[in-house]
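Engineer: What follows is run-v1.txt; its format and atoms are compact mmCIF, C-alpha atoms.
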# COMPACT_ATOMS: atom_id res chain seq x y z
CA MET K 1 90.34 -116.09 45.48
CA MET K 2 89.94 -112.44 46.39
CA LEU K 3 92.69 -112.55 49.03
CA GLU K 4 95.11 -115.38 49.69
CA LEU K 5 98.10 -116.00 51.94
CA GLN K 6 100.32 -118.80 50.65
CA SER K 7 102.70 -120.43 53.16
CA VAL K 8 103.62 -117.09 54.70
CA ASP K 9 106.46 -116.78 57.21
CA PHE K 10 107.29 -113.58 59.05
CA SER K 11 110.16 -112.80 61.41
CA PHE K 12 111.01 -109.37 62.74
CA GLN K 13 114.37 -108.22 61.37
CA HIS K 14 114.52 -111.60 59.56
CA ASP K 15 115.62 -113.13 62.87
CA GLN K 16 114.38 -116.71 63.33
CA GLU K 17 114.28 -116.15 67.08
CA LYS K 18 111.75 -113.35 66.44
CA ARG K 19 109.48 -115.42 64.21
CA VAL K 20 105.78 -114.60 64.49
CA LEU K 21 104.22 -116.51 61.58
CA SER K 22 105.17 -119.84 60.07
CA GLU K 23 103.63 -121.50 57.01
CA VAL K 24 100.41 -119.51 57.35
CA SER K 25 97.93 -120.17 54.55
CA LEU K 26 94.55 -118.46 54.45
CA SER K 27 92.07 -117.66 51.69
CA VAL K 28 89.04 -115.41 51.37
CA ALA K 29 86.65 -115.96 48.47
CA PRO K 30 84.72 -113.07 46.86
CA ASN K 31 81.82 -111.76 48.97
CA GLN K 32 82.76 -113.89 51.97
CA ILE K 33 83.17 -112.80 55.57
CA VAL K 34 86.12 -114.61 57.14
CA SER K 35 87.25 -114.18 60.74
CA VAL K 36 90.55 -114.88 62.49
CA VAL K 37 90.33 -115.69 66.20
CA GLY K 38 93.04 -116.45 68.72
CA LYS K 39 94.61 -115.36 71.95
CA SER K 40 96.43 -112.04 72.27
CA GLY K 41 99.95 -112.22 70.88
CA CYS K 42 99.34 -115.01 68.38
CA GLY K 43 100.13 -112.82 65.37
CA LYS K 44 96.70 -111.64 64.19
CA SER K 45 97.68 -107.97 63.94
CA THR K 46 100.92 -108.90 62.18
CA LEU K 47 98.86 -110.83 59.64
CA PHE K 48 96.82 -107.69 58.91
CA LYS K 49 99.95 -105.56 58.56
CA LEU K 50 101.20 -108.02 55.96
CA CYS K 51 97.90 -107.80 54.07
CA THR K 52 98.12 -103.99 53.97
CA THR K 53 101.80 -104.21 52.84
CA GLU K 54 102.93 -102.33 55.97
CA LEU K 55 105.10 -105.41 56.54
CA THR K 56 106.66 -107.77 53.98
CA PRO K 57 106.66 -111.57 54.38
CA THR K 58 109.96 -113.23 55.16
CA ARG K 59 108.81 -116.06 52.91
CA GLY K 60 105.68 -117.00 51.00
CA ALA K 61 103.23 -114.87 49.04
CA ILE K 62 100.16 -112.72 49.58
CA ARG K 63 97.93 -112.46 46.54
CA PHE K 64 95.02 -110.19 45.69
CA GLN K 65 92.74 -111.35 42.87
CA GLY K 66 95.49 -113.70 41.70
CA ARG K 67 98.40 -111.24 41.63
CA GLU K 68 100.90 -110.02 44.20
CA ILE K 69 99.20 -107.67 46.64
CA GLN K 70 100.00 -103.97 46.41
CA LEU K 71 99.53 -100.93 48.62
CA GLY K 72 95.91 -99.76 48.40
CA ASP K 73 94.41 -103.07 47.28
CA VAL K 74 92.60 -103.53 50.59
CA ALA K 75 91.01 -101.08 53.03
CA TYR K 76 91.82 -101.26 56.73
CA MET K 77 89.65 -100.27 59.69
CA PRO K 78 91.67 -100.16 62.95
CA GLN K 79 90.38 -100.90 66.44
CA GLN K 80 90.01 -97.21 67.30
CA ASP K 81 87.69 -95.11 65.14
CA LEU K 82 90.43 -92.45 64.58
CA LEU K 83 87.89 -89.90 63.40
CA LEU K 84 89.42 -86.45 63.01
CA PRO K 85 87.92 -84.38 65.85
CA TRP K 86 87.76 -81.15 63.81
CA GLN K 87 85.98 -82.76 60.85
CA THR K 88 82.25 -83.38 60.65
CA VAL K 89 80.93 -86.90 60.22
CA LEU K 90 80.55 -86.28 56.49
CA GLY K 91 84.00 -84.72 56.30
CA ASN K 92 85.52 -87.78 57.95
CA VAL K 93 83.87 -90.32 55.67
CA MET K 94 84.88 -88.33 52.58
CA LEU K 95 88.59 -88.37 53.49
CA PRO K 96 89.43 -91.42 51.31
CA THR K 97 88.13 -89.61 48.23
CA LYS K 98 90.41 -86.65 48.93
CA LEU K 99 93.50 -88.79 49.51
CA ASP K 100 93.08 -90.90 46.35
CA GLU K 101 92.64 -89.06 43.07
CA ALA K 102 91.45 -92.27 41.40
CA ASN K 103 88.55 -92.61 43.84
CA GLN K 104 85.39 -91.65 41.94
CA LEU K 105 82.96 -91.79 44.87
CA THR K 106 81.16 -88.51 45.51
CA GLU K 107 79.61 -86.71 48.46
CA GLU K 108 76.28 -88.11 47.32
CA HIS K 109 77.66 -91.62 47.88
CA GLY K 110 78.88 -90.62 51.33
CA ARG K 111 75.53 -89.17 52.33
CA ARG K 112 73.69 -92.21 51.02
CA TRP K 113 75.86 -94.64 52.99
CA LEU K 114 75.59 -92.53 56.12
CA GLU K 115 71.82 -92.63 55.72
CA LYS K 116 71.93 -96.42 55.44
CA ALA K 117 74.08 -96.47 58.58
CA GLY K 118 71.47 -94.51 60.51
CA LEU K 119 73.69 -91.43 60.60
CA GLY K 120 71.76 -89.29 58.14
CA GLU K 121 70.77 -86.79 60.82
CA VAL K 122 74.28 -86.32 62.24
CA VAL K 123 76.30 -85.72 59.07
CA ASP K 124 77.20 -82.19 60.21
CA GLN K 125 78.06 -83.11 63.79
CA LEU K 126 81.57 -83.56 65.19
CA PRO K 127 82.84 -86.90 66.52
CA HIS K 128 82.65 -85.88 70.19
CA GLN K 129 78.88 -85.50 69.77
CA LEU K 130 78.45 -89.17 68.78
CA SER K 131 77.99 -92.34 70.81
CA GLY K 132 80.55 -95.14 70.58
CA GLY K 133 78.38 -97.14 68.19
CA MET K 134 77.85 -94.10 65.97
CA LYS K 135 81.61 -93.48 65.80
CA GLN K 136 82.26 -97.08 64.75
CA ARG K 137 79.59 -96.87 62.06
CA ALA K 138 81.12 -93.65 60.75
CA ALA K 139 84.55 -95.30 60.76
CA PHE K 140 83.17 -98.25 58.81
CA ILE K 141 81.54 -95.99 56.22
CA ARG K 142 84.86 -94.15 55.86
CA THR K 143 86.51 -97.53 55.18
CA LEU K 144 83.75 -98.35 52.68
CA MET K 145 84.41 -95.05 50.90
CA THR K 146 87.89 -96.22 49.92
CA ASP K 147 85.97 -98.17 47.26
CA SER K 148 88.12 -101.24 47.88
CA ASP K 149 86.61 -104.67 47.26
CA VAL K 150 88.26 -106.09 50.40
CA LEU K 151 87.84 -104.66 53.90
CA LEU K 152 90.06 -105.63 56.84
CA LEU K 153 88.35 -105.00 60.18
CA ASP K 154 90.57 -105.17 63.27
CA GLU K 155 88.43 -105.78 66.40
CA PRO K 156 85.83 -103.36 64.97
CA PHE K 157 83.45 -103.60 67.93
CA GLY K 158 85.82 -104.64 70.71
CA ALA K 159 85.56 -101.34 72.60
CA LEU K 160 81.75 -101.39 72.71
CA ASP K 161 79.47 -102.85 75.37
CA TYR K 162 77.86 -106.27 74.82
CA PHE K 163 74.48 -104.97 73.67
CA THR K 164 75.95 -102.41 71.28
CA GLN K 165 78.27 -105.09 69.89
CA LYS K 166 75.27 -107.26 68.98
CA GLU K 167 73.51 -104.31 67.34
CA MET K 168 76.65 -103.52 65.33
CA GLN K 169 77.03 -107.12 64.20
CA GLU K 170 73.47 -107.06 62.83
CA TRP K 171 74.18 -103.72 61.18
CA LEU K 172 77.42 -104.97 59.61
CA LEU K 173 75.68 -107.97 58.06
CA THR K 174 73.00 -105.69 56.60
CA LEU K 175 75.64 -103.41 55.05
CA TRP K 176 77.65 -106.40 53.81
CA MET K 177 74.63 -107.83 51.98
CA ALA K 178 73.99 -104.42 50.41
CA THR K 179 77.58 -103.94 49.18
CA ASN K 180 78.81 -107.46 48.33
CA LYS K 181 82.19 -106.59 49.82
CA THR K 182 84.72 -109.20 50.91
CA ILE K 183 85.56 -108.87 54.60
CA LEU K 184 88.35 -110.25 56.79
CA VAL K 185 87.83 -109.71 60.53
CA ILE K 186 90.13 -110.04 63.53
CA THR K 187 88.24 -110.65 66.75
CA HIS K 188 88.66 -112.14 70.23
CA ASN K 189 84.90 -112.67 70.36
CA ILE K 190 84.08 -116.24 69.33
CA GLU K 191 80.33 -115.60 69.13
CA GLU K 192 80.95 -112.58 66.90
CA ALA K 193 83.17 -114.63 64.60
CA LEU K 194 80.52 -117.35 64.32
CA TYR K 195 77.64 -114.97 63.76
CA LEU K 196 79.40 -113.00 61.03
CA SER K 197 81.50 -115.53 59.19
CA ASP K 198 81.49 -118.13 56.45
CA VAL K 199 84.87 -119.42 57.64
CA VAL K 200 86.69 -118.93 60.95
CA TYR K 201 90.47 -119.42 61.16
CA VAL K 202 91.75 -120.37 64.61
CA MET K 203 95.25 -118.95 65.06
CA GLN K 204 97.89 -120.15 67.53
CA PRO K 205 101.09 -118.39 68.65
CA TYR K 206 104.12 -119.61 66.71
CA ARG K 207 106.01 -122.49 68.31
CA PRO K 208 108.91 -124.38 66.68
CA GLY K 209 107.80 -127.73 65.33
CA GLN K 210 104.05 -127.05 65.38
CA SER K 211 102.07 -128.75 62.62
CA GLU K 212 99.97 -125.72 61.69
CA GLN K 213 99.51 -122.20 63.02
CA VAL K 214 96.05 -121.57 61.55
CA THR K 215 93.15 -124.01 61.32
CA PRO K 216 90.11 -123.22 59.12
CA ILE K 217 86.63 -124.13 60.34
CA GLN K 218 83.79 -123.86 57.83
CA ILE K 219 80.65 -122.32 59.37
CA ASP K 220 77.61 -123.92 57.78
CA LEU K 221 74.86 -121.71 59.19
CA PRO K 222 72.08 -120.31 56.99
CA ARG K 223 72.12 -116.78 55.64
CA PRO K 224 70.73 -114.27 56.19
CA ARG K 225 71.67 -114.84 59.83
CA GLU K 226 69.04 -114.08 62.42
CA GLU K 227 69.41 -113.46 66.15
CA ALA K 228 67.77 -116.80 66.96
CA VAL K 229 70.66 -118.72 65.39
CA ARG K 230 72.84 -117.75 68.37
CA TYR K 231 70.76 -120.12 70.53
CA SER K 232 70.65 -123.02 68.07
CA ARG K 233 72.34 -126.37 68.71
CA GLU K 234 74.50 -125.86 65.64
CA PHE K 235 75.78 -122.48 66.85
CA ILE K 236 76.55 -123.82 70.32
CA ALA K 237 78.37 -126.81 68.81
CA TYR K 238 80.49 -124.53 66.61
CA LYS K 239 81.30 -122.37 69.63
CA ARG K 240 82.52 -125.41 71.53
CA GLN K 241 84.56 -126.56 68.53
CA LEU K 242 86.27 -123.17 68.27
CA GLU K 243 86.99 -122.97 71.99
CA GLU K 244 88.50 -126.46 71.94
CA ALA K 245 90.63 -125.58 68.90
CA ILE K 246 91.96 -122.47 70.64
CA TYR K 247 92.75 -124.10 73.98
CA GLU K 248 93.78 -127.64 73.07
CA LYS K 249 96.93 -126.44 71.29
CA SER K 250 97.76 -123.58 73.65
Starting from the coordinates I provided, produce the structure as structure tokens.
Structural biologist:
Amino acid sequence: MMLELQSVDFSFQHDQEKRVLSEVSLSVAPNQIVSVVGKSGCGKSTLFKLCTTELTPTRGAIRFQGREIQLGDVAYMPQQDLLLPWQTVLGNVMLPTKLDEANQLTEEHGRRWLEKAGLGEVVDQLPHQLSGGMKQRAAFIRTLMTDSDVLLLDEPFGALDYFTQKEMQEWLLTLWMATNKTILVITHNIEEALYLSDVVYVMQPYRPGQSEQVTPIQIDLPRPREEAVRYSREFIAYKRQLEEAIYEKS
């Protein structure tokens, strides 16, 4: 597995009364897109902080390519684009190469990926000159420029309108097929999770005595995904299954 959580517990200040995660197991195979869905407060963001080593599990293990995960193994894209307002688009996407001496990606790589993202004509513009969708694409390319094999995307399109979200989902799948990256996504959007993912994990808030906090659902929809699949019987059935999994245990 590229990324794996093995029976992970997490409690703030190691206080059982402040437990957030209990016996959480999750795996992401190479070149997969896996999503985690669940209500606000169920521990999704905590899970990501554990994967980036910002937090340490109270118990259990997190493994990257078979070994204990380390700082820098995965790249993280937060909900907000966090583009530096005084840097150009190109300057922003090149930041990972300046912060990591081992990163061998060049400005040519940055320009090429910006071109693929439809941002080739705005490389010298500042963030305030971009639309919301453009900012998110630039933020994704910056994450890509870390040269990590695994990308963690935290509600990447949550702040965008419905139509822009759908455009960005199509765009993300195109970039994913071009890069063969492994992607783990947090989202509240069930349709987004279905459209993007090979596996969706439904996550519940921690409650003492619960049988499981995360439930994997394999998404057997053909790739490459096309817009029409959103209206298929299979897609609608998966959507119902996910909604029932979220609400029946709440």
Engineer: Can you tell me, as a PyMOL selection string, what residues are no more than 12 Å from region 178-182 of chain K when counting all atoms listed in the file, ignoring any on the same chain fewer than 4 positions away?
Structural biologist: chain K and resi 1-3+27-35+64-65+74-75+113+116-117+141+143-153+171-174+197-198+224
Engineer: When you draw a straight line from CA of Pro85 (chain K) to CA of Glu107 (chain K), how long is it in Å?
Structural biologist: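 Atom-to-atom, CA of Pro85 (chain K) and CA of Glu107 (chain K) are spaced 19.4 Å apart.
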Engineer: Calculate how many Å separate CA of Glu23 (chain K) from CA of Leu242 (chain K), rounding to one decimal.
Structural biologist: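 Separating CA of Glu23 (chain K) from CA of Leu242 (chain K) is a distance of 20.8 Å.
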Engineer: Which protein, DNA or RNA residues have an atom at most 9 Å from (70.9, -111.8, 63.5), counting all atoms listed in the file? List them as a PyMOL selection string.
Structural biologist: chain K and resi 166-167+169-170+173+195-196+224-230
Engineer: Report, in Å with one decimal, the straight-line distance from CA of Pro156 (chain K) to CA of Gly41 (chain K).
Structural biologist: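 One can read the CA of Pro156 (chain K) to CA of Gly41 (chain K) distance as 17.7 Å.
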Engineer: From the list K:Ile219, K:Leu82, K:Leu26, K:Met203, which residue is nearest Glu248 (chain K) when using all atoms listed in the file?
Structural biologist: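 Among the listed residues, K:Met203 lies closest to Glu248 (chain K).
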Engineer: Select, from K:Asn189, K:Trp86, K:Ser45, K:Thr215, the residue with the minimum atom-to-atom distance to Tyr201 (chain K), counting all atoms listed in the file.
Structural biologist: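 The closest residue to Tyr201 (chain K) is K:Thr215.
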Engineer: Please return as a PyMOL selection string every residue within 10 Å of (73.9, -85.5, 54.4), taking into account all atoms listed in the file and the file's own coordinates.
Structural biologist: chain K and resi 89-90+107-115+119-124
Engineer: Just write the chosen residues, C-alpha atoms, as an mmCIF file, in the frame of the given file.
Structural biologist:
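Saved as part31.cif:
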data_model
loop_
_atom_site.group_PDB
_atom_site.id
_atom_site.type_symbol
_atom_site.label_atom_id
_atom_site.label_comp_id
_atom_site.auth_asym_id
_atom_site.auth_seq_id
_atom_site.Cartn_x
_atom_site.Cartn_y
_atom_site.Cartn_z
ATOM 1 C CA VAL K 89 80.930 -86.900 60.220
ATOM 2 C CA LEU K 90 80.550 -86.280 56.490
ATOM 3 C CA GLU K 107 79.610 -86.710 48.460
ATOM 4 C CA GLU K 108 76.280 -88.110 47.320
ATOM 5 C CA HIS K 109 77.660 -91.620 47.880
ATOM 6 C CA GLY K 110 78.880 -90.620 51.330
ATOM 7 C CA ARG K 111 75.530 -89.170 52.330
ATOM 8 C CA ARG K 112 73.690 -92.210 51.020
ATOM 9 C CA TRP K 113 75.860 -94.640 52.990
ATOM 10 C CA LEU K 114 75.590 -92.530 56.120
ATOM 11 C CA GLU K 115 71.820 -92.630 55.720
ATOM 12 C CA LEU K 119 73.690 -91.430 60.600
ATOM 13 C CA GLY K 120 71.760 -89.290 58.140
ATOM 14 C CA GLU K 121 70.770 -86.790 60.820
ATOM 15 C CA VAL K 122 74.280 -86.320 62.240
ATOM 16 C CA VAL K 123 76.300 -85.720 59.070
ATOM 17 C CA ASP K 124 77.200 -82.190 60.210
#
Engineer: When you count only C-alpha atoms, which of these residues is closest to Tyr247 (chain K): K:Val36, K:Pro205, K:Glu192, K:Gln6?
Structural biologist: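 Using only C-alpha atoms, the shortest distance to Tyr247 (chain K) belongs to K:Pro205.
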Engineer: Using all atoms listed in the file, find the one residue out of K:Ile236, K:Leu194, K:Val214, K:Val37 that sits nearest to Ser25 (chain K).
Structural biologist: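 Comparing K:Ile236, K:Leu194, K:Val214, K:Val37 against Ser25 (chain K), the winner is K:Val214.
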Engineer: Let me have the centre and edge lengths in Å, one decimal, of the box along x, y and z around every listed atom of region 47-55 of chain K with 3 Å of margin on each side, as lines of an AutoDock Vina configuration file.
Structural biologist:
center_x = 101.0
center_y = -106.6
center_z = 56.2
size_x = 14.3
size_y = 14.5
size_z = 12.8
Engineer: Which residues are close to Gly133 (chain K), i.e. within 9 Å by only C-alpha atoms, leaving aside same-chain residues fewer than 6 positions away? Reply as a count of residues only.
Structural biologist: 6
Engineer: Looking at K:Pro216, K:Pro96, K:Pro222, K:Gly38, which one is nearest to Gly72 (chain K), with distances taken over all atoms listed in the file?
Structural biologist: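 Of all the options, K:Pro96 lies closest to Gly72 (chain K).
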Engineer: Go through K:Met77, K:Ile246, K:Cys51, K:Val8 one by one, measure the shortest atom-to-atom distance of each to Ile190 (chain K) using all atoms listed in the file, and give the residue with the smallest value.
Structural biologist: K:Ile246
Engineer: Keeping N, CA and C atoms (and nothing else), can you write region 21-64 of chain K of this structure as a PDB file, in the first residue's frame?
Structural biologist:
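Below is the file that was written, out_28.pdb:
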ATOM      1  N   LEU K  21     -10.425   9.579  17.440  1.00  0.00           N
ATOM      2  CA  LEU K  21     -10.360   8.419  16.549  1.00  0.00           C
ATOM      3  C   LEU K  21     -10.166   7.151  17.363  1.00  0.00           C
ATOM      4  N   SER K  22     -10.811   6.078  16.928  1.00  0.00           N
ATOM      5  CA  SER K  22     -10.674   4.799  17.607  1.00  0.00           C
ATOM      6  C   SER K  22     -10.625   3.668  16.585  1.00  0.00           C
ATOM      7  N   GLU K  23      -9.524   2.916  16.608  1.00  0.00           N
ATOM      8  CA  GLU K  23      -9.378   1.739  15.749  1.00  0.00           C
ATOM      9  C   GLU K  23      -9.642   2.057  14.277  1.00  0.00           C
ATOM     10  N   VAL K  24      -9.110   3.181  13.814  1.00  0.00           N
ATOM     11  CA  VAL K  24      -9.321   3.585  12.422  1.00  0.00           C
ATOM     12  C   VAL K  24      -8.290   2.901  11.524  1.00  0.00           C
ATOM     13  N   SER K  25      -8.777   2.140  10.571  1.00  0.00           N
ATOM     14  CA  SER K  25      -7.916   1.502   9.573  1.00  0.00           C
ATOM     15  C   SER K  25      -8.366   1.957   8.187  1.00  0.00           C
ATOM     16  N   LEU K  26      -7.390   2.319   7.376  1.00  0.00           N
ATOM     17  CA  LEU K  26      -7.676   2.879   6.048  1.00  0.00           C
ATOM     18  C   LEU K  26      -6.463   2.635   5.176  1.00  0.00           C
ATOM     19  N   SER K  27      -6.679   2.291   3.922  1.00  0.00           N
ATOM     20  CA  SER K  27      -5.544   2.048   3.029  1.00  0.00           C
ATOM     21  C   SER K  27      -5.798   2.664   1.662  1.00  0.00           C
ATOM     22  N   VAL K  28      -4.711   3.146   1.064  1.00  0.00           N
ATOM     23  CA  VAL K  28      -4.759   3.755  -0.263  1.00  0.00           C
ATOM     24  C   VAL K  28      -3.696   3.076  -1.119  1.00  0.00           C
ATOM     25  N   ALA K  29      -4.129   2.403  -2.174  1.00  0.00           N
ATOM     26  CA  ALA K  29      -3.199   1.718  -3.065  1.00  0.00           C
ATOM     27  C   ALA K  29      -2.571   2.711  -4.040  1.00  0.00           C
ATOM     28  N   PRO K  30      -1.424   2.362  -4.629  1.00  0.00           N
ATOM     29  CA  PRO K  30      -0.779   3.259  -5.590  1.00  0.00           C
ATOM     30  C   PRO K  30      -1.722   3.653  -6.728  1.00  0.00           C
ATOM     31  N   ASN K  31      -1.700   4.931  -7.077  1.00  0.00           N
ATOM     32  CA  ASN K  31      -2.462   5.497  -8.197  1.00  0.00           C
ATOM     33  C   ASN K  31      -3.973   5.494  -7.989  1.00  0.00           C
ATOM     34  N   GLN K  32      -4.416   5.262  -6.761  1.00  0.00           N
ATOM     35  CA  GLN K  32      -5.839   5.342  -6.460  1.00  0.00           C
ATOM     36  C   GLN K  32      -6.232   6.760  -6.051  1.00  0.00           C
ATOM     37  N   ILE K  33      -7.520   7.064  -6.214  1.00  0.00           N
ATOM     38  CA  ILE K  33      -8.129   8.202  -5.534  1.00  0.00           C
ATOM     39  C   ILE K  33      -9.090   7.631  -4.503  1.00  0.00           C
ATOM     40  N   VAL K  34      -8.878   7.996  -3.255  1.00  0.00           N
ATOM     41  CA  VAL K  34      -9.718   7.541  -2.152  1.00  0.00           C
ATOM     42  C   VAL K  34     -10.278   8.768  -1.446  1.00  0.00           C
ATOM     43  N   SER K  35     -11.563   8.741  -1.136  1.00  0.00           N
ATOM     44  CA  SER K  35     -12.197   9.859  -0.434  1.00  0.00           C
ATOM     45  C   SER K  35     -12.663   9.434   0.950  1.00  0.00           C
ATOM     46  N   VAL K  36     -12.693  10.407   1.856  1.00  0.00           N
ATOM     47  CA  VAL K  36     -13.264  10.227   3.191  1.00  0.00           C
ATOM     48  C   VAL K  36     -14.415  11.211   3.323  1.00  0.00           C
ATOM     49  N   VAL K  37     -15.618  10.696   3.589  1.00  0.00           N
ATOM     50  CA  VAL K  37     -16.788  11.560   3.756  1.00  0.00           C
ATOM     51  C   VAL K  37     -17.368  11.354   5.150  1.00  0.00           C
ATOM     52  N   GLY K  38     -18.036  12.370   5.636  1.00  0.00           N
ATOM     53  CA  GLY K  38     -18.657  12.293   6.952  1.00  0.00           C
ATOM     54  C   GLY K  38     -19.087  13.669   7.395  1.00  0.00           C
ATOM     55  N   LYS K  39     -19.893  13.696   8.432  1.00  0.00           N
ATOM     56  CA  LYS K  39     -20.385  14.967   8.944  1.00  0.00           C
ATOM     57  C   LYS K  39     -19.253  15.771   9.580  1.00  0.00           C
ATOM     58  N   SER K  40     -19.468  17.074   9.702  1.00  0.00           N
ATOM     59  CA  SER K  40     -18.490  17.932  10.369  1.00  0.00           C
ATOM     60  C   SER K  40     -18.267  17.436  11.795  1.00  0.00           C
ATOM     61  N   GLY K  41     -16.993  17.444  12.212  1.00  0.00           N
ATOM     62  CA  GLY K  41     -16.667  17.049  13.573  1.00  0.00           C
ATOM     63  C   GLY K  41     -16.423  15.574  13.778  1.00  0.00           C
ATOM     64  N   CYS K  42     -16.410  14.783  12.689  1.00  0.00           N
ATOM     65  CA  CYS K  42     -16.227  13.341  12.859  1.00  0.00           C
ATOM     66  C   CYS K  42     -14.758  12.934  12.932  1.00  0.00           C
ATOM     67  N   GLY K  43     -13.842  13.876  12.670  1.00  0.00           N
ATOM     68  CA  GLY K  43     -12.423  13.557  12.805  1.00  0.00           C
ATOM     69  C   GLY K  43     -11.652  13.515  11.503  1.00  0.00           C
ATOM     70  N   LYS K  44     -12.271  13.960  10.408  1.00  0.00           N
ATOM     71  CA  LYS K  44     -11.594  13.893   9.104  1.00  0.00           C
ATOM     72  C   LYS K  44     -10.324  14.743   9.082  1.00  0.00           C
ATOM     73  N   SER K  45     -10.409  15.964   9.580  1.00  0.00           N
ATOM     74  CA  SER K  45      -9.235  16.846   9.565  1.00  0.00           C
ATOM     75  C   SER K  45      -8.147  16.324  10.489  1.00  0.00           C
ATOM     76  N   THR K  46      -8.545  15.734  11.614  1.00  0.00           N
ATOM     77  CA  THR K  46      -7.566  15.120  12.516  1.00  0.00           C
ATOM     78  C   THR K  46      -6.832  13.993  11.806  1.00  0.00           C
ATOM     79  N   LEU K  47      -7.567  13.211  11.032  1.00  0.00           N
ATOM     80  CA  LEU K  47      -6.958  12.123  10.268  1.00  0.00           C
ATOM     81  C   LEU K  47      -5.869  12.660   9.341  1.00  0.00           C
ATOM     82  N   PHE K  48      -6.146  13.761   8.656  1.00  0.00           N
ATOM     83  CA  PHE K  48      -5.147  14.355   7.761  1.00  0.00           C
ATOM     84  C   PHE K  48      -3.939  14.863   8.535  1.00  0.00           C
ATOM     85  N   LYS K  49      -4.173  15.462   9.692  1.00  0.00           N
ATOM     86  CA  LYS K  49      -3.051  15.967  10.492  1.00  0.00           C
ATOM     87  C   LYS K  49      -2.160  14.830  10.963  1.00  0.00           C
ATOM     88  N   LEU K  50      -2.736  13.669  11.188  1.00  0.00           N
ATOM     89  CA  LEU K  50      -1.935  12.496  11.531  1.00  0.00           C
ATOM     90  C   LEU K  50      -1.110  12.035  10.336  1.00  0.00           C
ATOM     91  N   CYS K  51      -1.708  12.085   9.150  1.00  0.00           N
ATOM     92  CA  CYS K  51      -1.001  11.646   7.943  1.00  0.00           C
ATOM     93  C   CYS K  51       0.156  12.576   7.581  1.00  0.00           C
ATOM     94  N   THR K  52       0.050  13.849   7.951  1.00  0.00           N
ATOM     95  CA  THR K  52       1.137  14.797   7.668  1.00  0.00           C
ATOM     96  C   THR K  52       2.147  14.855   8.803  1.00  0.00           C
ATOM     97  N   THR K  53       1.933  14.074   9.867  1.00  0.00           N
ATOM     98  CA  THR K  53       2.763  14.014  11.082  1.00  0.00           C
ATOM     99  C   THR K  53       2.654  15.272  11.934  1.00  0.00           C
ATOM    100  N   GLU K  54       1.677  16.138  11.642  1.00  0.00           N
ATOM    101  CA  GLU K  54       1.436  17.287  12.524  1.00  0.00           C
ATOM    102  C   GLU K  54       0.975  16.799  13.895  1.00  0.00           C
ATOM    103  N   LEU K  55       0.231  15.680  13.895  1.00  0.00           N
ATOM    104  CA  LEU K  55      -0.178  15.014  15.125  1.00  0.00           C
ATOM    105  C   LEU K  55       0.385  13.596  15.125  1.00  0.00           C
ATOM    106  N   THR K  56       0.501  13.005  16.316  1.00  0.00           N
ATOM    107  CA  THR K  56       1.025  11.649  16.464  1.00  0.00           C
ATOM    108  C   THR K  56      -0.066  10.750  17.033  1.00  0.00           C
ATOM    109  N   PRO K  57      -0.265   9.563  16.480  1.00  0.00           N
ATOM    110  CA  PRO K  57      -1.311   8.677  17.000  1.00  0.00           C
ATOM    111  C   PRO K  57      -1.084   8.330  18.468  1.00  0.00           C
ATOM    112  N   THR K  58      -2.174   8.209  19.206  1.00  0.00           N
ATOM    113  CA  THR K  58      -2.096   7.708  20.572  1.00  0.00           C
ATOM    114  C   THR K  58      -1.752   6.222  20.555  1.00  0.00           C
ATOM    115  N   ARG K  59      -2.273   5.535  19.562  1.00  0.00           N
ATOM    116  CA  ARG K  59      -1.999   4.112  19.383  1.00  0.00           C
ATOM    117  C   ARG K  59      -2.168   3.773  17.913  1.00  0.00           C
ATOM    118  N   GLY K  60      -1.534   2.681  17.485  1.00  0.00           N
ATOM    119  CA  GLY K  60      -1.628   2.274  16.089  1.00  0.00           C
ATOM    120  C   GLY K  60      -0.477   2.833  15.266  1.00  0.00           C
ATOM    121  N   ALA K  61      -0.532   2.608  13.961  1.00  0.00           N
ATOM    122  CA  ALA K  61       0.574   2.997  13.082  1.00  0.00           C
ATOM    123  C   ALA K  61       0.046   3.599  11.789  1.00  0.00           C
ATOM    124  N   ILE K  62       0.837   4.527  11.248  1.00  0.00           N
ATOM    125  CA  ILE K  62       0.580   5.086   9.920  1.00  0.00           C
ATOM    126  C   ILE K  62       1.806   4.794   9.079  1.00  0.00           C
ATOM    127  N   ARG K  63       1.600   4.114   7.958  1.00  0.00           N
ATOM    128  CA  ARG K  63       2.718   3.649   7.156  1.00  0.00           C
ATOM    129  C   ARG K  63       2.644   4.232   5.747  1.00  0.00           C
ATOM    130  N   PHE K  64       3.828   4.549   5.230  1.00  0.00           N
ATOM    131  CA  PHE K  64       3.978   5.088   3.881  1.00  0.00           C
ATOM    132  C   PHE K  64       4.908   4.162   3.117  1.00  0.00           C
TER     133      PHE K  64
END
